[in-house]
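Here's entry_10.txt, which has compact mmCIF, C-alpha atoms and all ligand atoms:
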# COMPACT_ATOMS: atom_id res chain seq x y z
CA MET A 1477 97.85 92.95 86.55
CA THR A 1478 94.58 91.24 85.62
CA ALA A 1479 91.38 92.44 87.24
CA ALA A 1480 91.76 92.05 90.97
CA ALA A 1481 88.28 90.55 91.28
CA GLU A 1482 89.15 87.31 89.41
CA PRO A 1483 90.22 84.38 91.54
CA LEU A 1484 93.83 83.61 90.64
CA LEU A 1485 96.37 81.11 91.87
CA SER A 1486 99.46 82.46 93.66
CA ARG A 1487 101.55 81.22 90.74
CA ASP A 1488 99.56 83.30 88.27
CA ARG A 1489 99.46 86.31 90.54
CA LEU A 1490 103.23 86.35 90.86
CA SER A 1491 104.00 85.61 87.22
CA GLN A 1492 101.49 88.23 86.04
CA ALA A 1493 102.83 90.80 88.49
CA ARG A 1494 104.92 93.63 87.13
CA ARG A 1495 106.55 94.93 90.27
CA VAL A 1496 106.77 92.90 93.48
CA VAL A 1497 107.90 93.99 96.95
CA LEU A 1498 109.12 91.19 99.25
CA LYS A 1499 109.32 91.83 102.99
CA ILE A 1500 111.72 89.68 104.98
CA GLY A 1501 111.40 89.78 108.78
CA SER A 1502 114.28 89.56 111.28
CA ALA A 1503 113.19 86.18 112.66
CA LEU A 1504 113.56 84.58 109.22
CA LEU A 1505 116.90 86.08 108.39
CA VAL A 1506 118.88 86.20 111.60
CA ASP A 1507 119.94 83.58 114.14
CA GLN A 1508 118.90 85.35 117.33
CA ARG A 1509 121.53 83.61 119.42
CA THR A 1510 124.59 84.34 117.26
CA GLY A 1511 123.42 87.39 115.32
CA HIS A 1512 124.49 85.71 112.07
CA VAL A 1513 122.29 85.72 109.00
CA HIS A 1514 120.91 82.36 107.89
CA ARG A 1515 123.13 82.15 104.86
CA GLN A 1516 121.67 79.05 103.23
CA TRP A 1517 118.15 80.35 103.55
CA MET A 1518 119.22 83.66 102.08
CA GLU A 1519 120.85 81.87 99.16
CA SER A 1520 117.61 79.99 98.49
CA LEU A 1521 115.71 83.28 98.54
CA ALA A 1522 118.26 84.79 96.15
CA GLU A 1523 117.63 81.95 93.70
CA ASP A 1524 113.88 82.54 93.94
CA ILE A 1525 114.33 86.27 93.34
CA VAL A 1526 116.48 85.60 90.29
CA ALA A 1527 113.86 83.17 88.92
CA LEU A 1528 111.14 85.81 89.34
CA ARG A 1529 113.27 88.49 87.71
CA GLN A 1530 113.95 86.14 84.80
CA ARG A 1531 110.20 86.03 84.22
CA GLY A 1532 110.32 89.80 83.74
CA VAL A 1533 109.05 90.76 87.18
CA GLU A 1534 110.76 93.71 88.92
CA VAL A 1535 111.65 92.91 92.52
CA VAL A 1536 112.23 95.15 95.54
CA VAL A 1537 113.23 93.71 98.92
CA VAL A 1538 112.34 95.29 102.26
CA SER A 1539 114.55 93.57 104.80
CA SER A 1540 114.61 93.76 108.57
CA GLY A 1541 117.42 92.31 110.63
CA ALA A 1542 119.80 95.21 111.28
CA VAL A 1543 119.06 95.41 115.01
CA ALA A 1544 119.10 91.62 115.47
CA VAL A 1545 122.50 91.36 113.75
CA GLY A 1546 124.01 94.48 115.33
CA ARG A 1547 123.03 93.84 118.94
CA ARG A 1548 125.05 90.62 119.03
CA HIS A 1549 128.08 92.23 117.41
CA LEU A 1550 128.01 95.03 119.95
CA GLY A 1551 127.48 92.58 122.81
CA LEU A 1552 124.23 94.22 123.90
CA PRO A 1553 122.04 92.30 126.37
CA ASP A 1554 118.87 90.30 125.56
CA GLY A 1555 115.53 91.96 126.11
CA VAL A 1556 114.21 95.36 125.17
CA LEU A 1557 116.93 97.81 124.14
CA LYS A 1558 116.95 101.55 124.83
CA LEU A 1559 116.28 103.65 121.72
CA GLU A 1560 119.90 104.76 121.40
CA GLU A 1561 121.12 101.17 121.82
CA LYS A 1562 118.73 100.03 119.12
CA GLN A 1563 120.00 102.76 116.83
CA ALA A 1564 123.60 101.78 117.51
CA ALA A 1565 122.70 98.13 116.87
CA ALA A 1566 120.98 99.07 113.60
CA ALA A 1567 123.99 101.09 112.44
CA THR A 1568 126.26 98.13 113.13
CA GLY A 1569 123.94 95.46 111.79
CA GLN A 1570 122.82 97.26 108.63
CA ILE A 1571 126.27 97.23 107.08
CA ARG A 1572 126.58 93.48 107.67
CA LEU A 1573 123.07 92.86 106.41
CA ALA A 1574 123.68 94.81 103.20
CA HIS A 1575 126.95 92.97 102.73
CA ALA A 1576 125.19 89.60 103.08
CA TYR A 1577 122.65 90.59 100.39
CA GLN A 1578 125.43 91.83 98.17
CA GLU A 1579 127.29 88.54 98.50
CA VAL A 1580 124.35 86.23 97.81
CA MET A 1581 123.16 88.27 94.83
CA ALA A 1582 126.67 88.63 93.39
CA HIS A 1583 126.61 84.87 92.71
CA HIS A 1584 123.86 85.68 90.21
CA SER A 1585 125.55 88.87 88.93
CA VAL A 1586 122.75 90.99 90.38
CA ILE A 1587 123.70 94.42 91.72
CA VAL A 1588 122.27 95.24 95.15
CA SER A 1589 121.46 98.84 96.15
CA GLN A 1590 120.75 99.91 99.68
CA VAL A 1591 117.92 102.38 100.36
CA LEU A 1592 117.23 103.52 103.94
CA LEU A 1593 113.96 105.36 104.47
CA THR A 1594 112.16 107.10 107.32
CA LEU A 1595 108.46 107.68 107.84
CA GLY A 1596 109.07 111.31 106.86
CA ASP A 1597 110.41 110.22 103.48
CA SER A 1598 107.12 108.53 102.73
CA GLU A 1599 105.00 111.43 103.98
CA ASP A 1600 106.76 114.49 102.60
CA ARG A 1601 105.80 114.69 98.94
CA ARG A 1602 109.13 116.03 97.70
CA ARG A 1603 111.14 113.35 99.48
CA TYR A 1604 108.56 110.77 98.47
CA LEU A 1605 108.92 111.74 94.81
CA ASN A 1606 112.70 111.62 95.07
CA ALA A 1607 112.68 108.19 96.68
CA ARG A 1608 110.19 106.98 94.06
CA ALA A 1609 112.30 108.28 91.18
CA THR A 1610 115.43 106.67 92.65
CA LEU A 1611 113.71 103.31 93.07
CA ASP A 1612 112.36 103.54 89.55
CA THR A 1613 115.82 104.29 88.19
CA LEU A 1614 117.41 101.44 90.15
CA LEU A 1615 114.84 99.01 88.76
CA LYS A 1616 115.30 100.30 85.22
CA LEU A 1617 119.06 99.77 85.63
CA GLY A 1618 118.42 96.19 86.72
CA ALA A 1619 119.56 96.60 90.34
CA LEU A 1620 117.86 94.95 93.31
CA PRO A 1621 116.88 97.63 95.85
CA VAL A 1622 117.16 96.35 99.42
CA ILE A 1623 115.31 98.69 101.74
CA ASN A 1624 115.20 99.09 105.50
CA GLU A 1625 114.10 101.79 107.86
CA ASN A 1626 116.81 104.38 108.53
CA ASP A 1627 116.79 103.39 112.19
CA THR A 1628 119.73 105.54 113.21
CA VAL A 1629 117.96 108.82 112.49
CA ALA A 1630 114.37 107.76 113.17
CA THR A 1631 113.32 108.37 116.76
CA THR A 1632 110.28 106.72 118.33
CA GLU A 1633 107.84 109.41 117.24
CA ILE A 1634 108.99 109.41 113.64
CA ARG A 1635 109.58 105.69 113.15
CA PHE A 1636 107.55 103.20 111.21
CA GLY A 1637 108.82 100.82 113.88
CA ASP A 1638 107.80 97.81 111.88
CA ASN A 1639 108.83 96.86 108.42
CA ASP A 1640 105.40 95.47 107.53
CA ARG A 1641 104.08 99.01 107.17
CA LEU A 1642 107.33 100.26 105.67
CA ALA A 1643 107.00 97.55 102.99
CA ALA A 1644 103.42 98.60 102.25
CA ARG A 1645 104.49 102.25 101.92
CA VAL A 1646 107.33 101.20 99.65
CA ALA A 1647 104.88 99.18 97.54
CA MET A 1648 102.66 102.26 97.29
CA MET A 1649 105.62 104.52 96.59
CA CYS A 1650 106.90 102.47 93.68
CA GLY A 1651 103.48 101.53 92.28
CA ALA A 1652 104.00 97.81 92.97
CA ASP A 1653 101.07 95.55 92.15
CA THR A 1654 102.09 92.80 94.60
CA LEU A 1655 103.52 92.75 98.13
CA VAL A 1656 104.53 89.56 99.91
CA LEU A 1657 105.14 89.62 103.66
CA PHE A 1658 107.15 86.53 104.53
CA SER A 1659 106.34 85.58 108.08
CA ASP A 1660 106.84 82.85 110.64
CA ILE A 1661 103.20 81.95 110.03
CA ASP A 1662 101.29 80.64 106.97
CA GLY A 1663 98.95 83.60 106.78
CA LEU A 1664 95.99 85.08 108.62
CA TYR A 1665 94.12 82.59 110.76
CA THR A 1666 90.69 83.01 112.32
CA ALA A 1667 92.60 83.42 115.62
CA ASP A 1668 96.24 83.20 116.73
CA PRO A 1669 97.01 79.51 116.14
CA LYS A 1670 99.55 79.64 118.99
CA GLY A 1671 96.66 80.06 121.40
CA ASP A 1672 93.84 78.37 119.48
CA PRO A 1673 94.53 75.00 117.81
CA THR A 1674 91.16 75.09 116.02
CA ALA A 1675 92.07 78.31 114.15
CA ARG A 1676 91.68 78.07 110.35
CA LEU A 1677 93.77 79.72 107.63
CA ILE A 1678 91.90 82.31 105.58
CA PRO A 1679 93.07 82.06 101.95
CA GLU A 1680 91.60 85.31 100.66
CA VAL A 1681 90.49 88.65 102.08
CA ARG A 1682 88.76 91.25 99.92
CA GLU A 1683 87.72 93.67 102.63
CA LEU A 1684 89.27 94.52 105.98
CA SER A 1685 86.00 94.12 107.86
CA PRO A 1686 85.76 94.43 111.64
CA GLU A 1687 85.55 90.59 111.78
CA ILE A 1688 88.85 90.25 109.94
CA ARG A 1689 90.50 92.91 112.11
CA ALA A 1690 89.29 91.16 115.26
CA MET A 1691 91.23 88.03 114.23
CA ALA A 1692 94.60 89.76 114.67
CA GLY A 1693 96.03 89.42 118.17
CA GLU A 1694 98.24 91.94 119.94
CA ALA A 1695 101.70 92.86 118.58
CA ARG A 1696 104.24 90.47 120.07
CA PRO A 1697 107.23 91.75 122.00
CA GLY A 1698 110.69 90.30 121.35
CA VAL A 1699 112.50 89.85 118.06
CA GLY A 1700 110.12 91.29 115.54
CA THR A 1701 107.91 94.24 116.27
CA GLY A 1702 104.96 93.26 114.14
CA GLY A 1703 102.44 90.55 114.92
CA MET A 1704 99.25 90.28 112.88
CA VAL A 1705 98.12 93.78 113.80
CA THR A 1706 100.85 95.50 111.79
CA LYS A 1707 100.33 93.06 108.92
CA LEU A 1708 96.70 94.12 108.68
CA LEU A 1709 97.76 97.78 108.82
CA ALA A 1710 100.11 96.98 105.94
CA ALA A 1711 97.23 95.30 104.09
CA GLN A 1712 95.14 98.44 104.52
CA ILE A 1713 97.88 100.62 102.99
CA ALA A 1714 98.55 98.15 100.17
CA MET A 1715 94.91 97.58 99.26
CA GLY A 1716 94.26 101.33 99.30
CA ALA A 1717 97.12 101.69 96.82
CA GLY A 1718 95.69 98.99 94.54
CA CYS A 1719 98.40 96.50 95.50
CA ALA A 1720 97.60 92.85 96.28
CA MET A 1721 99.30 91.59 99.43
CA ALA A 1722 100.14 88.07 100.58
CA ILE A 1723 101.17 86.87 104.02
CA ALA A 1724 103.12 83.71 103.37
CA PRO A 1725 105.41 81.37 105.33
CA GLY A 1726 109.03 82.39 105.03
CA LYS A 1727 110.77 79.82 107.20
CA PRO A 1728 111.19 76.99 104.64
CA MET A 1729 113.94 77.21 102.05
CA HIS A 1730 112.84 78.75 98.73
CA PRO A 1731 109.86 80.59 100.22
CA LEU A 1732 108.95 82.36 96.99
CA GLN A 1733 109.07 79.17 94.97
CA ALA A 1734 106.85 77.52 97.59
CA LEU A 1735 104.34 80.31 97.19
CA THR A 1736 104.29 80.07 93.40
CA GLU A 1737 103.88 76.30 93.69
CA GLY A 1738 100.65 76.79 95.59
CA GLY A 1739 101.87 76.81 99.18
CA PRO A 1740 99.60 78.15 101.92
CA CYS A 1741 99.12 81.90 102.28
CA THR A 1742 96.53 84.62 102.68
CA TRP A 1743 95.94 87.01 99.79
CA PHE A 1744 94.53 90.48 100.48
CA LEU A 1745 92.97 91.63 97.23
CA PRO A 1746 92.27 95.26 96.36
CA SER A 1747 89.33 96.38 94.26
CA THR A 1748 91.48 98.76 92.22
CA THR A 1749 94.85 98.91 90.42
CA PRO A 1750 97.93 100.88 91.55
CA ARG A 1751 97.50 103.30 88.66
CA ALA A 1752 93.81 103.96 89.33
CA ALA A 1753 94.47 104.33 93.08
CA ARG A 1754 97.21 106.87 92.47
CA LYS A 1755 95.07 108.89 90.04
CA LYS A 1756 92.24 108.90 92.54
CA TRP A 1757 94.60 110.13 95.25
CA ILE A 1758 95.92 112.91 93.01
CA SER A 1759 92.52 114.03 91.78
CA GLY A 1760 90.80 113.74 95.16
CA ALA A 1761 92.94 114.40 98.17
CA ILE A 1762 95.38 117.11 97.23
CA LYS A 1763 94.57 120.81 96.95
CA PRO A 1764 96.17 122.47 93.90
CA LEU A 1765 98.43 125.42 94.74
CA GLY A 1766 98.57 126.80 91.22
CA SER A 1767 97.71 126.23 87.58
CA VAL A 1768 99.55 125.27 84.45
CA ILE A 1769 98.02 126.53 81.21
CA VAL A 1770 98.66 124.28 78.23
CA ASP A 1771 98.37 124.65 74.44
CA ALA A 1772 96.25 122.58 72.02
CA GLY A 1773 99.08 120.11 71.26
CA ALA A 1774 99.57 119.41 74.94
CA VAL A 1775 95.82 118.89 75.45
CA LYS A 1776 95.92 116.13 72.85
CA ALA A 1777 99.09 114.57 74.35
CA LEU A 1778 97.57 114.59 77.84
CA ARG A 1779 94.32 113.03 76.59
CA ASP A 1780 96.45 110.32 74.94
CA GLY A 1781 97.95 109.53 78.35
CA ARG A 1782 101.32 111.22 77.79
CA SER A 1783 103.40 113.37 80.16
CA LEU A 1784 103.26 117.16 80.13
CA LEU A 1785 106.48 118.65 78.70
CA PRO A 1786 107.51 122.29 79.27
CA ALA A 1787 107.14 122.89 75.51
CA GLY A 1788 103.33 122.59 75.73
CA VAL A 1789 102.93 125.10 78.57
CA THR A 1790 101.96 128.71 77.84
CA ALA A 1791 101.57 130.13 81.36
CA ILE A 1792 101.98 129.33 85.05
CA ASP A 1793 99.75 130.72 87.82
CA GLY A 1794 100.29 130.62 91.56
CA ASP A 1795 103.16 129.83 93.87
CA PHE A 1796 104.16 126.24 94.49
CA GLN A 1797 107.14 124.00 95.13
CA ARG A 1798 108.35 120.88 93.38
CA GLY A 1799 106.03 117.97 94.18
CA ASP A 1800 102.99 120.19 94.87
CA ALA A 1801 99.67 119.62 93.13
CA VAL A 1802 98.65 121.98 90.33
CA ALA A 1803 95.55 122.25 88.17
CA VAL A 1804 96.07 121.73 84.44
CA LYS A 1805 93.94 124.07 82.31
CA THR A 1806 93.44 125.09 78.69
CA ALA A 1807 93.86 128.71 77.56
CA ASP A 1808 90.09 129.33 77.93
CA GLY A 1809 90.20 128.14 81.55
CA THR A 1810 88.75 124.64 81.04
CA LEU A 1811 90.02 122.32 83.78
CA LEU A 1812 91.68 119.22 82.29
CA GLY A 1813 92.81 117.61 85.51
CA LYS A 1814 95.42 117.74 88.22
CA GLY A 1815 99.04 116.68 88.60
CA LEU A 1816 102.13 116.74 90.80
CA ILE A 1817 104.59 119.12 89.23
CA ALA A 1818 108.31 118.36 89.01
CA TYR A 1819 109.44 122.03 89.23
CA SER A 1820 108.77 125.03 91.48
CA ALA A 1821 106.58 127.83 90.09
CA GLU A 1822 109.64 129.99 89.52
CA ASP A 1823 111.50 127.31 87.58
CA ALA A 1824 108.36 126.23 85.71
CA ARG A 1825 107.92 129.85 84.51
CA ALA A 1826 111.52 129.90 83.32
CA ILE A 1827 111.20 126.73 81.22
CA ARG A 1828 107.62 127.05 79.94
CA GLY A 1829 107.39 126.81 76.16
CA ARG A 1830 110.95 125.52 75.93
CA GLN A 1831 112.37 122.19 74.84
CA SER A 1832 113.32 119.70 77.57
CA SER A 1833 116.88 119.68 76.20
CA GLU A 1834 117.18 123.37 77.12
CA ILE A 1835 116.27 122.89 80.80
CA GLU A 1836 119.83 122.52 82.05
CA ASP A 1837 121.03 125.66 80.25
CA ILE A 1838 118.11 127.71 81.54
CA LEU A 1839 118.02 126.52 85.16
CA GLY A 1840 121.64 125.55 85.69
CA TYR A 1841 120.73 122.02 86.80
CA ARG A 1842 119.48 118.95 85.05
CA GLY A 1843 115.91 118.32 86.23
CA ARG A 1844 113.27 115.96 84.90
CA GLU A 1845 112.34 116.08 81.21
CA GLU A 1846 108.66 116.24 82.05
CA LEU A 1847 107.03 119.13 83.84
CA ILE A 1848 104.42 116.64 85.06
CA HIS A 1849 105.10 112.94 84.56
CA ARG A 1850 102.15 110.91 83.28
CA ASP A 1851 102.21 108.78 86.46
CA ASP A 1852 101.64 112.00 88.40
CA LEU A 1853 98.74 113.21 86.24
CA ALA A 1854 95.02 112.66 86.70
CA ILE A 1855 93.28 113.87 83.56
CA ASP A 1856 89.45 114.01 83.89
N1 LIG B 1 94.87 85.66 113.50
C1 LIG B 1 96.17 85.37 113.45
N2 LIG B 1 96.63 84.63 112.44
C2 LIG B 1 97.94 84.32 112.35
N3 LIG B 1 98.86 84.72 113.24
C3 LIG B 1 98.47 85.47 114.28
C4 LIG B 1 97.10 85.84 114.42
N4 LIG B 1 97.01 86.60 115.51
C5 LIG B 1 98.24 86.73 116.02
N5 LIG B 1 99.14 86.06 115.29
C6 LIG B 1 100.58 85.97 115.59
O1 LIG B 1 101.33 86.81 114.69
C7 LIG B 1 102.58 86.20 114.47
C8 LIG B 1 103.21 86.76 113.22
O2 LIG B 1 103.71 88.02 113.50
P1 LIG B 1 105.29 88.30 113.67
O3 LIG B 1 105.88 87.23 114.52
O4 LIG B 1 105.47 89.69 114.04
O5 LIG B 1 105.69 88.09 112.18
P2 LIG B 1 107.07 88.20 111.47
O6 LIG B 1 108.14 88.41 112.49
O7 LIG B 1 107.12 86.90 110.79
O8 LIG B 1 106.90 89.35 110.56
C9 LIG B 1 102.26 84.73 114.39
O9 LIG B 1 103.34 83.92 114.69
C10 LIG B 1 101.13 84.56 115.39
O10 LIG B 1 101.57 84.13 116.65
N1 LIG B 2 114.44 98.14 110.97
C1 LIG B 2 114.49 97.06 111.93
C2 LIG B 2 113.37 96.08 111.73
C3 LIG B 2 112.13 96.30 112.47
C4 LIG B 2 111.10 95.24 112.08
O1 LIG B 2 110.06 95.51 111.51
O2 LIG B 2 111.41 93.94 112.31
P1 LIG B 2 110.50 92.69 111.83
O3 LIG B 2 109.19 92.72 112.60
O4 LIG B 2 111.34 91.52 112.13
O5 LIG B 2 110.25 92.82 110.37
C5 LIG B 2 115.79 96.25 111.74
O6 LIG B 2 116.30 96.16 110.62
O7 LIG B 2 116.23 95.65 112.70

Show me this structure written as structure tokens.
Amino acid sequence: MTAAAEPLLSRDRLSQARRVVLKIGSALLVDQRTGHVHRQWMESLAEDIVALRQRGVEVVVVSSGAVAVGRRHLGLPDGVLKLEEKQAAAATGQIRLAHAYQEVMAHHSVIVSQVLLTLGDSEDRRRYLNARATLDTLLKLGALPVINENDTVATTEIRFGDNDRLAARVAMMCGADTLVLFSDIDGLYTADPKGDPTARLIPEVRELSPEIRAMAGEARPGVGTGGMVTKLLAAQIAMGAGCAMAIAPGKPMHPLQALTEGGPCTWFLPSTTPRAARKKWISGAIKPLGSVIVDAGAVKALRDGRSLLPAGVTAIDGDFQRGDAVAVKTADGTLLGKGLIAYSAEDARAIRGRQSSEIEDILGYRGREELIHRDDLAID
């Protein structure tokens, strides 16, 4: 992406994006009375997604709607559902929702893949790395990941509860540079326009100041669980991960096309890139549990921005699990940086100095080629 500080039109932002996450709320997708998905609207969205993909942009969808679809099919009453009813509704609705996506994308010969995530998956580093690798692989294979919260196993305490934040975590997880939250509203206004007709749309936010936060009302009960509050929480996660976020109107047909054609929206612009934000997170926040000692060839490769392969490793210190942070050092003890390692200490010791092609024979399973992938490395 170009420098986040430059003013850019939505069209340019989206066409210059590399990886975009689109969040679709229940109210846009599902007829609340019948529990059916709005098929025509979905088809228009599918066409927009295909157009974006044809411009070389990778697209991930985070879609709500499982509960809204499922509750009608199960004949559950209106109003607030009990947790177990909601979970039953989600289990019933999710299969129909996924099927609807599959059908609309099949018209364009796009393969849809369902990914259901919990809060724990985004917080536990091993599960996080697994989910990230799976999403990466799906995108490389040209599939369209359609993600929702795994509502049937997530209880109140361990739920995201709103897909705005889930979408922001997904954007962070897959290193997306752009997140679009399609909403029933044009963007962030100076106050809730439903209560204040003089409220003005804010086109751009560069900092989540107390003034901006004060503009968001309370989360609304009913269909969706979000409101502006959760959208600003999502903006905080996205901006911290170097990902630009838009709140844009999703109700009209072709919502993505409308956005690229200069339709109204609010852009939340980060001051960093996804790559820089991730490196900062790795080098700052996480305590290394061990060290990997590398040879002169590996030092050069790492300084050139490449991944660390087992072949360049001479020794392993400490005890750690896959996904933990380790220090990367030269033989004389000079600290080169930090990284998230793809193998446990025991397995790393077994494959150090060996070719990646030998990993399966040595360990009995086929792990990653890299001991530390370059995306997981912060070299000083
Ligand atoms: N400052 C604000 N600007 C815009 N909308 C606001 C604001 N404060 C509260 N809202 C309310 O938030 C709603 C959007 O949240 P929500 O309905 O949960 O979104 P969605 O279901 O589309 O994800 C708007 O319809 C609006 O009533
Ligand atoms: N996971 C839930 C969605 C929860 C949610 O965030 O809904 P919404 O506010 O409509 O995006 C479902 O699929 O019904």

Give the residues close to ligand LIG 1 (chain B), within 10 Å, counting all atoms listed in the file; write them as an mmCIF file with C-alpha atoms, in the frame of the given file.
data_model
loop_
_atom_site.group_PDB
_atom_site.id
_atom_site.type_symbol
_atom_site.label_atom_id
_atom_site.label_comp_id
_atom_site.auth_asym_id
_atom_site.auth_seq_id
_atom_site.Cartn_x
_atom_site.Cartn_y
_atom_site.Cartn_z
ATOM 1 C CA LYS A 1499 109.320 91.830 102.990
ATOM 2 C CA ILE A 1500 111.720 89.680 104.980
ATOM 3 C CA GLY A 1501 111.400 89.780 108.780
ATOM 4 C CA SER A 1502 114.280 89.560 111.280
ATOM 5 C CA ALA A 1503 113.190 86.180 112.660
ATOM 6 C CA LEU A 1504 113.560 84.580 109.220
ATOM 7 C CA LEU A 1505 116.900 86.080 108.390
ATOM 8 C CA SER A 1540 114.610 93.760 108.570
ATOM 9 C CA ASP A 1638 107.800 97.810 111.880
ATOM 10 C CA ASN A 1639 108.830 96.860 108.420
ATOM 11 C CA ASP A 1640 105.400 95.470 107.530
ATOM 12 C CA LEU A 1657 105.140 89.620 103.660
ATOM 13 C CA PHE A 1658 107.150 86.530 104.530
ATOM 14 C CA SER A 1659 106.340 85.580 108.080
ATOM 15 C CA ASP A 1660 106.840 82.850 110.640
ATOM 16 C CA ILE A 1661 103.200 81.950 110.030
ATOM 17 C CA ASP A 1662 101.290 80.640 106.970
ATOM 18 C CA GLY A 1663 98.950 83.600 106.780
ATOM 19 C CA LEU A 1664 95.990 85.080 108.620
ATOM 20 C CA TYR A 1665 94.120 82.590 110.760
ATOM 21 C CA THR A 1666 90.690 83.010 112.320
ATOM 22 C CA ALA A 1667 92.600 83.420 115.620
ATOM 23 C CA ASP A 1668 96.240 83.200 116.730
ATOM 24 C CA PRO A 1669 97.010 79.510 116.140
ATOM 25 C CA LYS A 1670 99.550 79.640 118.990
ATOM 26 C CA GLY A 1671 96.660 80.060 121.400
ATOM 27 C CA ASP A 1672 93.840 78.370 119.480
ATOM 28 C CA ALA A 1675 92.070 78.310 114.150
ATOM 29 C CA ARG A 1676 91.680 78.070 110.350
ATOM 30 C CA LEU A 1677 93.770 79.720 107.630
ATOM 31 C CA ILE A 1678 91.900 82.310 105.580
ATOM 32 C CA ILE A 1688 88.850 90.250 109.940
ATOM 33 C CA ARG A 1689 90.500 92.910 112.110
ATOM 34 C CA ALA A 1690 89.290 91.160 115.260
ATOM 35 C CA MET A 1691 91.230 88.030 114.230
ATOM 36 C CA ALA A 1692 94.600 89.760 114.670
ATOM 37 C CA GLY A 1693 96.030 89.420 118.170
ATOM 38 C CA GLU A 1694 98.240 91.940 119.940
ATOM 39 C CA ALA A 1695 101.700 92.860 118.580
ATOM 40 C CA ARG A 1696 104.240 90.470 120.070
ATOM 41 C CA PRO A 1697 107.230 91.750 122.000
ATOM 42 C CA GLY A 1698 110.690 90.300 121.350
ATOM 43 C CA VAL A 1699 112.500 89.850 118.060
ATOM 44 C CA GLY A 1700 110.120 91.290 115.540
ATOM 45 C CA THR A 1701 107.910 94.240 116.270
ATOM 46 C CA GLY A 1702 104.960 93.260 114.140
ATOM 47 C CA GLY A 1703 102.440 90.550 114.920
ATOM 48 C CA MET A 1704 99.250 90.280 112.880
ATOM 49 C CA VAL A 1705 98.120 93.780 113.800
ATOM 50 C CA THR A 1706 100.850 95.500 111.790
ATOM 51 C CA LYS A 1707 100.330 93.060 108.920
ATOM 52 C CA LEU A 1708 96.700 94.120 108.680
ATOM 53 C CA ILE A 1723 101.170 86.870 104.020
ATOM 54 C CA ALA A 1724 103.120 83.710 103.370
ATOM 55 C CA PRO A 1725 105.410 81.370 105.330
ATOM 56 C CA GLY A 1726 109.030 82.390 105.030
ATOM 57 C CA LYS A 1727 110.770 79.820 107.200
ATOM 58 C CA THR A 1742 96.530 84.620 102.680
#

Interatomic distance between atom CA of Arg1779 of chain A and atom CA of Glu1834 of chain A?
25.1 Å

Name the closest residue to ligand LIG 2 (chain B) among the candidates A:Arg1601, A:Leu1595, A:Leu1552, A:Asn1626; distances are taken between atoms, counting only C-alpha atoms and all ligand atoms.
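Under the stated criterion, the closest residue is A:Asn1626.
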
Write out as an MDAnalysis selection string which residues come within 10 Å of Ala1607 of chain A when counting all atoms listed in the file, dropping same-chain ones fewer than 2 positions away.
chainID A and resid 1591:1593 1597:1598 1601:1605 1609:1613 1646 1649:1650

Kindly indicate which residue among A:Ser1491, A:Gln1570, A:Ser1832, A:Ser1783 lies nearest to ligand LIG 2 (chain B), using only C-alpha atoms and all ligand atoms for the distances.
A:Gln1570

What lies within 9 Å of Ile1792 of chain A using only C-alpha atoms, ignoring chain neighbours under 4 positions off, as a ChimeraX atom specification?
/A:1766-1769,1821-1822,1824-1825,1828
